[in-house]
Amino acid sequence: MMRTQMVGRLRAADVDSEVTLAGWVAARRDHGGVVFLDLRDASGIVQVVADPETLGDVVHRIGREWVLRVSGTVRPRPEGTVNADLPTGEVEVPVVSIEVLNESEPPPFPLSDRADDVDEVVRLRYRYLDLRRPAMQDNLRLRARVNAALREAMTKQDFVEVETPMLIASTPEGARDFVVPSRLSPGSFYALPQSPQLFKQLLMVGGLDRYFQIARCLRDEDLRADRQFEFMQYDAEMSFADADDVMAVVSEAVSSAIEAVTGKRPGLFGRMTWHDAQERFGSDKPDVRFAMELVDLGVIFAATEFRAFQAPAVKGICVAAQGEASRSTVDALVERAKKLGAAGLVWMRVREEGGTTVLEAPVAKFLSEPEKQGIVATLGAVPGDLVLIVAGERRVTNRVLGVLRLDLGKPVIGGDLAPLWLVDFPLFEAIGSDGRPIPAHHPFTMPHADDLDLLRGGDLLAVRSQAYDLVCSGWELGSGSVRIHQSELQQEIFSLLGISPEEAQDRFGFLLDAFRFGAPPHAGFAFGVDRLVALLAGEENIREVIAFPKTQSGSDPLTGAPSEIDAGQLAELGISLRPRAKGASR
RNA sequence: GGUCCUGUGGUGCAGUUUGGAGUGCACGCCGCCCUGUCAAGGCGGAGGCCGCGGGUUCAAAUCCCGUCAGGACCGCCA
């Protein structure tokens with residue numbers, strides 16, 4: 001037997017038990033006559049006490065990260081030497097026998113969580129050492145709990161976990177595909193899945209009724225703090241179900257995951273229409289952990305003399321307690337607003353003067369007294385606040401104020417995740433330069449039943465879809481929709497999008513074929529597991545919750561990927577490389 | 001493709017604004033001392049292509065140009 005127990009659970013109650021422990025040396029304190037070693041395993045740290053006189057000089061040689069196996073009888077620490085900072089701090093293990101299982105070179109960077117700001121390339125180059133840090137261990141274990149909770153919640157709700165293929169046909173839709181050359185069909189390529197979207201719909205046609213998967217997805221797009229080439233998606237689809245059914249199932253799964261991590265089950269998820277999110281928060285992923293909502297001031301300025309406010313939309317936000325922000329700070333906000341596409345940004349300091357609330361600003365002289373009072377009343381501004389107003393085209397106005405709101409707002413630290421369903425998305429996000437509408441979701445999204453007339457009648461941008469997003473603390477976690485399952489309606493959408501029947505057949509023929517054989521009404525959802533885990537772990541970057549992530553340029557400092565392959569492999573695949581465009585680098 | 005930020009012994013930083021000797025701090029590492037420490041302590045020591053290349057200059061970590069690597073963001077992510 002290698003060990004009798006893990007080190008982290010030793011307590012006063014274990015005094016007098018004989019134990020054998022195995023782990024890494026997290027720290028050593030060599031006093032000459034006595035050597036203290038902090039022995040670390042996956043469960044924590046315990047202090048062991050080594051006496052060079054009985055154990056020999058080897059105890060002076062032992063360094064950080066050496067791997068030891070020690071035996072001894074647990075004893076209470078002497079009076080006054082208890083370490084309250086350690087769960088095991090009441091006890092220690094005097095070493096009777098010691099075995100060096102492996103020596104270690106000194107680690108290239110501190111493995112303590114107190115030194116958390118090491119260059120990320122160094123951490124990734126030695127990820128196996130980085131993973132020994134308790135913070136990384138916690139993140140990966142938290143992630144495992146989330147995965148387990150999601151699986152359990154879905155299985156309990158009668159969902160069948162089905163694996164879908166990684167080597168699939170490329171479809172020219174959506175993100176850039178990662179491709180894999182085919183050896184047996186030189187010149188042909190597989191694509192790695194961007195998501196199991198089409199397969200899960202086929203599973204519905206196949207009568208699985210309720211499918212889920214925690215699926216690996218790959219997209220060859222630029223990386224970000226919340227985006228990696230490959231990521232994990234909780235993916236679900238259900239037959240004979242509407243949007244509410246799907247949202248209920250997903251809410252249950254996400255709630256279970258949150259409860260598994262925090263011990264606390266979240267309340268009912270909020271629900272907000274896309275339109276409200278735009279008008280109140282200037283975003284399609286509103287962070288509702290703080291207010292500072294966008295307020296429409298259009299009524300106040302309906303007949304204003306002030307040119308800048310003679311616009312389709314005049315809206316403002318009230319920034320609490322920032323009324324005395326420096327001129328340079330305010331000027332920076334104006335610049336920011338202009339950069340975001342606003343014609344300008346009107347700012348006003350809210351002050352108190354002789355018992356009344358007044359607005360002080362360069363533009364104040366252009367505004368009438370009722371207008372100024374209207375601003376204060378409508379925004380609920382109090383002395384000390386800063387009022388920011390943008391006027392212009394409604395979409396731009398909302399977007400600019402939404403960004404400023406996020407720049408200036410402060411979510412409550414340690415608050416709830418604030419999960420929120422966003423519903424009633426528009427079916428099309430814009431009309432392209434070719435006059436064709438651009439789908440907001442994907443072309444299989446079911447239009448809202450009440451808006452079918454609009455679809456056929458005219459105002460395409462007003463058509464709502466049966467799509468829904470899950471937003472958490474300002475992060476877009478995922479999205480889903482009711483799918484079109486009738487080929488007539490699907491053809492209609494394709495023709496609106498300018499996709500000919502031949503083209504549709506060419507791109508998604510296998511799905512359209514399947515739909516001719518009694519496809520059930522179905523709906524589904526998918527969200528990013530990495531993002532949910534990062535939120536729950538309090539990390540701003542999903543690399544912190546991925547064991548072996550890639551850098552922003554898509555490389556892996558540990559393995560050296562991506563790397564060149566040898567000529568033989570290329571030949572076998574029937575691939576020849578073009579010479580490098582700009583002078584060979586390697 | 002673009003904007004911005006960063007790059008200095010193994011690690012984290014200061015030094016760059018205003019050019020003047022690789023000058024400094026903390027940790028780690030090596031050696032010696034030390035029986036109650038908690039990131040032990042004391043004394044001593046080693047360790048540098050200032051990312052790389054070019055330019056300006058009597059002189060470059062410092063100024064200029066390019067380049068590489070990393071990061072945040074825009075584009076992109078149906």
# chains A, B, ... in the order shown; residues from 1 in each chain; ligands from 1
>>> interface_residues(of="chain A", to="chain B", cutoff="6 Å", atoms="only C-alpha atoms (C1' of nucleotides)", output="CSV table (one decimal) with N, CA and C atoms, in the first residue's frame")
chain,number,residue,atom,x,y,z
A,29,ARG,N,11.4,23.9,5.9
A,29,ARG,CA,12.0,24.8,6.8
A,29,ARG,C,13.0,24.1,7.6
A,31,HIS,N,15.9,23.8,10.0
A,31,HIS,CA,16.5,24.4,11.2
A,31,HIS,C,17.8,23.8,11.6
A,32,GLY,N,18.3,22.9,10.8
A,32,GLY,CA,19.5,22.2,11.2
A,32,GLY,C,19.3,21.0,12.0
A,33,GLY,N,18.8,21.2,13.2
A,33,GLY,CA,18.5,20.1,14.1
A,33,GLY,C,17.2,19.4,13.8
A,34,VAL,N,16.3,20.2,13.2
A,34,VAL,CA,15.0,19.7,12.8
A,34,VAL,C,14.6,20.3,11.5
A,108,PRO,N,10.4,26.2,-12.1
A,108,PRO,CA,10.8,27.4,-12.7
A,108,PRO,C,10.0,28.6,-12.3
A,109,PHE,N,9.0,28.4,-11.5
A,109,PHE,CA,8.2,29.5,-11.0
A,109,PHE,C,7.5,29.1,-9.7
A,173,GLU,N,-21.4,27.4,-44.0
A,173,GLU,CA,-22.1,28.3,-43.1
A,173,GLU,C,-21.2,28.6,-41.9
A,174,GLY,N,-21.5,29.8,-41.3
A,174,GLY,CA,-21.0,30.1,-40.0
A,174,GLY,C,-19.5,30.3,-39.9
A,442,HIS,N,-29.7,31.1,-37.0
A,442,HIS,CA,-29.3,30.3,-38.1
A,442,HIS,C,-30.6,30.1,-39.0
>>> residues_around(residues="stretch 336-349 of chain A", least_positions_apart="5", cutoff="9 Å", atoms="only C-alpha atoms (C1' of nucleotides)", output="ChimeraX atom specification")
/A:308,322-325,330-331,358-364,383-393,396-397,399-401,403-404
>>> write_last_selection(atoms="C-alpha atoms", output="PDB file, in the first residue's frame")
ATOM      1  CA  ALA A 308     -28.162  68.115 -31.056  1.00  0.00           C
ATOM      2  CA  GLN A 322     -19.428  60.690 -10.425  1.00  0.00           C
ATOM      3  CA  GLY A 323     -20.582  64.293 -10.714  1.00  0.00           C
ATOM      4  CA  GLU A 324     -17.198  65.643  -9.705  1.00  0.00           C
ATOM      5  CA  ALA A 325     -15.217  63.452 -12.091  1.00  0.00           C
ATOM      6  CA  VAL A 330     -15.277  63.304 -18.789  1.00  0.00           C
ATOM      7  CA  ASP A 331     -13.469  64.236 -21.996  1.00  0.00           C
ATOM      8  CA  VAL A 358     -29.255  72.124 -10.827  1.00  0.00           C
ATOM      9  CA  LEU A 359     -27.387  70.855 -13.867  1.00  0.00           C
ATOM     10  CA  GLU A 360     -24.018  72.314 -14.719  1.00  0.00           C
ATOM     11  CA  ALA A 361     -22.646  71.678 -18.153  1.00  0.00           C
ATOM     12  CA  PRO A 362     -21.229  73.432 -21.202  1.00  0.00           C
ATOM     13  CA  VAL A 363     -24.530  72.852 -23.018  1.00  0.00           C
ATOM     14  CA  ALA A 364     -26.740  73.938 -20.119  1.00  0.00           C
ATOM     15  CA  PRO A 383     -26.628  66.062  -6.469  1.00  0.00           C
ATOM     16  CA  GLY A 384     -23.254  64.424  -6.939  1.00  0.00           C
ATOM     17  CA  ASP A 385     -24.324  62.392  -9.964  1.00  0.00           C
ATOM     18  CA  LEU A 386     -23.076  62.634 -13.516  1.00  0.00           C
ATOM     19  CA  VAL A 387     -25.640  62.580 -16.322  1.00  0.00           C
ATOM     20  CA  LEU A 388     -24.615  61.337 -19.760  1.00  0.00           C
ATOM     21  CA  ILE A 389     -26.893  61.863 -22.760  1.00  0.00           C
ATOM     22  CA  VAL A 390     -26.594  60.578 -26.300  1.00  0.00           C
ATOM     23  CA  ALA A 391     -28.857  61.595 -29.157  1.00  0.00           C
ATOM     24  CA  GLY A 392     -29.053  60.045 -32.575  1.00  0.00           C
ATOM     25  CA  GLU A 393     -30.220  56.973 -34.392  1.00  0.00           C
ATOM     26  CA  VAL A 396     -26.464  53.593 -32.111  1.00  0.00           C
ATOM     27  CA  THR A 397     -27.739  55.538 -29.102  1.00  0.00           C
ATOM     28  CA  ARG A 399     -25.317  50.699 -28.105  1.00  0.00           C
ATOM     29  CA  VAL A 400     -23.157  53.647 -27.083  1.00  0.00           C
ATOM     30  CA  LEU A 401     -24.922  54.157 -23.771  1.00  0.00           C
ATOM     31  CA  VAL A 403     -21.052  50.374 -23.516  1.00  0.00           C
ATOM     32  CA  LEU A 404     -20.630  53.466 -21.318  1.00  0.00           C
TER      33      LEU A 404
END
>>> residues_around(residues="A:Arg132", least_positions_apart="6", cutoff="9 Å", atoms="only C-alpha atoms (C1' of nucleotides)", output="JSON list (two decimals) with N, CA, C and O atoms, in the first residue's frame")
[["chain", "number", "residue", "atom", "x", "y", "z"],
["A", 41, "ASP", "N", -0.58, 16.86, -1.12],
["A", 41, "ASP", "CA", -1.17, 16.01, -2.15],
["A", 41, "ASP", "C", -2.44, 16.69, -2.63],
["A", 41, "ASP", "O", -2.68, 17.85, -2.31],
["A", 42, "ALA", "N", -3.24, 15.99, -3.39],
["A", 42, "ALA", "CA", -4.40, 16.63, -4.02],
["A", 42, "ALA", "C", -5.41, 17.13, -2.99],
["A", 42, "ALA", "O", -6.28, 17.94, -3.31],
["A", 111, "LEU", "N", 5.04, 27.81, -7.04],
["A", 111, "LEU", "CA", 3.79, 27.08, -7.21],
["A", 111, "LEU", "C", 2.76, 27.48, -6.16],
["A", 111, "LEU", "O", 1.68, 26.91, -6.09]]
>>> residues_around(residues="A:Asp245", least_positions_apart="5", cutoff="9 Å", atoms="only C-alpha atoms (C1' of nucleotides)", output="list in words")
Met238, Val250 and Ala523 of chain A
>>> select_by_dssp(residues="stretch 235-338 of chain A", states="strand (DSSP E)", output="list in words")
Asp235, Ala236, Glu237, Met238, Ser239, Gly270, Arg271, Met272, Thr273, Val295, Asp296, Ala313, Val314, Lys315, Gly316, Ile317, Cys318 and Val319 of chain A
>>> write_last_selection(atoms="C-alpha atoms", output="CSV table (one decimal), in the first residue's frame")
chain,number,residue,atom,x,y,z
A,235,ASP,CA,-25.9,20.7,-26.2
A,236,ALA,CA,-29.5,19.6,-26.0
A,237,GLU,CA,-32.5,19.0,-28.3
A,238,MET,CA,-36.0,17.9,-27.6
A,239,SER,CA,-38.9,16.8,-29.8
A,270,GLY,CA,-35.2,36.2,-15.2
A,271,ARG,CA,-36.8,36.8,-18.6
A,272,MET,CA,-36.5,39.8,-20.8
A,273,THR,CA,-37.3,40.5,-24.4
A,295,VAL,CA,-33.7,56.2,-19.8
A,296,ASP,CA,-35.6,57.6,-22.8
A,313,ALA,CA,-33.7,59.0,-30.0
A,314,VAL,CA,-32.5,61.0,-27.0
A,315,LYS,CA,-31.5,58.8,-24.0
A,316,GLY,CA,-29.4,59.1,-20.9
A,317,ILE,CA,-27.8,57.3,-18.0
A,318,CYS,CA,-27.2,58.6,-14.5
A,319,VAL,CA,-23.8,57.7,-13.1
>>> residues_around(residues="A:Val376", least_positions_apart="3", cutoff="9 Å", atoms="only C-alpha atoms (C1' of nucleotides)", output="list of chain:residue names")
A:Val350, A:Thr357, A:Val358, A:Leu359, A:Glu371, A:Lys372, A:Gln373, A:Leu379, A:Gly380, A:Ala381, A:Val382, A:Val387
>>> residues_around(residues="B:A46", least_positions_apart="5", cutoff="12 Å", atoms="only C-alpha atoms (C1' of nucleotides)", output="PyMOL selection string")
chain B and resi 9+29-31
>>> residues_around(residues="stretch 83-98 of chain A", least_positions_apart="2", cutoff="8 Å", atoms="only C-alpha atoms (C1' of nucleotides)", output="PDB file with N, CA and C atoms (P, O5', C5', C4', C3', O3' and C1' of nucleotides), in the first residue's frame")
ATOM      1  N   GLY A   8      -4.773  15.934   3.524  1.00  0.00           N
ATOM      2  CA  GLY A   8      -5.556  17.125   3.836  1.00  0.00           C
ATOM      3  C   GLY A   8      -6.637  16.925   4.878  1.00  0.00           C
ATOM      4  N   ARG A   9      -6.944  15.639   5.170  1.00  0.00           N
ATOM      5  CA  ARG A   9      -8.057  15.404   6.091  1.00  0.00           C
ATOM      6  C   ARG A   9      -7.604  15.069   7.504  1.00  0.00           C
ATOM      7  N   LEU A  10      -6.305  15.166   7.784  1.00  0.00           N
ATOM      8  CA  LEU A  10      -5.811  14.861   9.133  1.00  0.00           C
ATOM      9  C   LEU A  10      -6.264  15.948  10.104  1.00  0.00           C
ATOM     10  N   ARG A  11      -6.812  15.490  11.232  1.00  0.00           N
ATOM     11  CA  ARG A  11      -7.339  16.422  12.234  1.00  0.00           C
ATOM     12  C   ARG A  11      -6.896  15.953  13.614  1.00  0.00           C
ATOM     13  N   ALA A  12      -7.288  16.728  14.624  1.00  0.00           N
ATOM     14  CA  ALA A  12      -6.929  16.368  15.998  1.00  0.00           C
ATOM     15  C   ALA A  12      -7.432  14.967  16.341  1.00  0.00           C
ATOM     16  N   VAL A  15      -5.031  11.955  16.035  1.00  0.00           N
ATOM     17  CA  VAL A  15      -3.842  11.828  16.869  1.00  0.00           C
ATOM     18  C   VAL A  15      -3.693  10.385  17.322  1.00  0.00           C
ATOM     19  N   ILE A  45      -2.444  20.116   2.517  1.00  0.00           N
ATOM     20  CA  ILE A  45      -1.072  20.180   3.017  1.00  0.00           C
ATOM     21  C   ILE A  45      -1.060  19.763   4.483  1.00  0.00           C
ATOM     22  N   VAL A  46      -0.017  19.027   4.879  1.00  0.00           N
ATOM     23  CA  VAL A  46       0.179  18.760   6.303  1.00  0.00           C
ATOM     24  C   VAL A  46       1.665  18.913   6.603  1.00  0.00           C
ATOM     25  N   GLN A  47       1.961  19.334   7.822  1.00  0.00           N
ATOM     26  CA  GLN A  47       3.362  19.487   8.217  1.00  0.00           C
ATOM     27  C   GLN A  47       3.902  18.169   8.756  1.00  0.00           C
ATOM     28  N   VAL A  48       5.036  17.751   8.182  1.00  0.00           N
ATOM     29  CA  VAL A  48       5.729  16.600   8.752  1.00  0.00           C
ATOM     30  C   VAL A  48       7.072  17.085   9.294  1.00  0.00           C
ATOM     31  N   VAL A  49       7.537  16.397  10.356  1.00  0.00           N
ATOM     32  CA  VAL A  49       8.737  16.843  11.050  1.00  0.00           C
ATOM     33  C   VAL A  49       9.807  15.765  10.910  1.00  0.00           C
ATOM     34  N   ALA A  50      10.932  16.159  10.310  1.00  0.00           N
ATOM     35  CA  ALA A  50      11.997  15.196  10.053  1.00  0.00           C
ATOM     36  C   ALA A  50      13.202  15.521  10.920  1.00  0.00           C
ATOM     37  N   ASP A  51      13.765  14.484  11.544  1.00  0.00           N
ATOM     38  CA  ASP A  51      14.925  14.634  12.407  1.00  0.00           C
ATOM     39  C   ASP A  51      16.154  14.072  11.689  1.00  0.00           C
ATOM     40  N   LEU A  55      17.143  10.191  10.645  1.00  0.00           N
ATOM     41  CA  LEU A  55      16.826   9.887   9.239  1.00  0.00           C
ATOM     42  C   LEU A  55      18.008  10.076   8.311  1.00  0.00           C
ATOM     43  N   LEU A  68       7.755  12.394  -1.888  1.00  0.00           N
ATOM     44  CA  LEU A  68       8.129  11.630  -0.700  1.00  0.00           C
ATOM     45  C   LEU A  68       7.013  10.688  -0.265  1.00  0.00           C
ATOM     46  N   ARG A  69       7.467   9.651   0.419  1.00  0.00           N
ATOM     47  CA  ARG A  69       6.539   8.776   1.132  1.00  0.00           C
ATOM     48  C   ARG A  69       7.056   8.721   2.557  1.00  0.00           C
ATOM     49  N   VAL A  70       6.222   9.106   3.504  1.00  0.00           N
ATOM     50  CA  VAL A  70       6.676   9.149   4.895  1.00  0.00           C
ATOM     51  C   VAL A  70       5.693   8.395   5.782  1.00  0.00           C
ATOM     52  N   SER A  71       6.225   7.838   6.865  1.00  0.00           N
ATOM     53  CA  SER A  71       5.381   7.167   7.837  1.00  0.00           C
ATOM     54  C   SER A  71       5.641   7.748   9.217  1.00  0.00           C
ATOM     55  N   GLY A  72       4.621   7.711  10.050  1.00  0.00           N
ATOM     56  CA  GLY A  72       4.766   8.206  11.407  1.00  0.00           C
ATOM     57  C   GLY A  72       3.430   8.136  12.119  1.00  0.00           C
ATOM     58  N   THR A  73       3.441   8.562  13.359  1.00  0.00           N
ATOM     59  CA  THR A  73       2.218   8.565  14.157  1.00  0.00           C
ATOM     60  C   THR A  73       1.771  10.002  14.386  1.00  0.00           C
ATOM     61  N   VAL A  74       0.544  10.303  13.985  1.00  0.00           N
ATOM     62  CA  VAL A  74       0.033  11.665  14.094  1.00  0.00           C
ATOM     63  C   VAL A  74       0.085  12.117  15.547  1.00  0.00           C
ATOM     64  N   ARG A  75       0.584  13.329  15.767  1.00  0.00           N
ATOM     65  CA  ARG A  75       0.602  13.864  17.133  1.00  0.00           C
ATOM     66  C   ARG A  75       0.114  15.306  17.108  1.00  0.00           C
ATOM     67  N   PRO A  76      -0.386  15.773  18.239  1.00  0.00           N
ATOM     68  CA  PRO A  76      -0.787  17.178  18.289  1.00  0.00           C
ATOM     69  C   PRO A  76       0.450  18.062  18.239  1.00  0.00           C
ATOM     70  N   ARG A  77       0.308  19.243  17.679  1.00  0.00           N
ATOM     71  CA  ARG A  77       1.442  20.159  17.685  1.00  0.00           C
ATOM     72  C   ARG A  77       1.661  20.669  19.101  1.00  0.00           C
ATOM     73  N   THR A  81       2.226  26.248  18.819  1.00  0.00           N
ATOM     74  CA  THR A  81       2.718  26.122  17.450  1.00  0.00           C
ATOM     75  C   THR A  81       1.614  25.689  16.483  1.00  0.00           C
ATOM     76  N   VAL A 100      12.349   8.625  -0.607  1.00  0.00           N
ATOM     77  CA  VAL A 100      12.311   9.589  -1.705  1.00  0.00           C
ATOM     78  C   VAL A 100      11.825   8.854  -2.949  1.00  0.00           C
TER      79      VAL A 100
ATOM     80  P     C B  38       7.666  31.338  11.123  1.00  0.00           P
ATOM     81  O5'   C B  38       6.761  30.591  10.054  1.00  0.00           O
ATOM     82  C5'   C B  38       7.250  30.307   8.748  1.00  0.00           C
ATOM     83  C4'   C B  38       6.223  29.478   8.006  1.00  0.00           C
ATOM     84  C3'   C B  38       4.888  30.189   7.792  1.00  0.00           C
ATOM     85  O3'   C B  38       4.346  29.789   6.543  1.00  0.00           O
ATOM     86  C1'   C B  38       4.540  28.202   9.002  1.00  0.00           C
TER      87        C B  38
END
>>> closest_residue(among="A:Leu535, A:Leu21, A:Leu37, A:Val146", to="A:Trp475", atoms="only C-alpha atoms")
A:Leu535
>>> select_by_dssp(residues="stretch 261-375 of chain A", states="helix (DSSP H, G or I)", output="PyMOL selection string")
chain A and resi 261-262+274-281+307-309+327-339+364-366+369-375
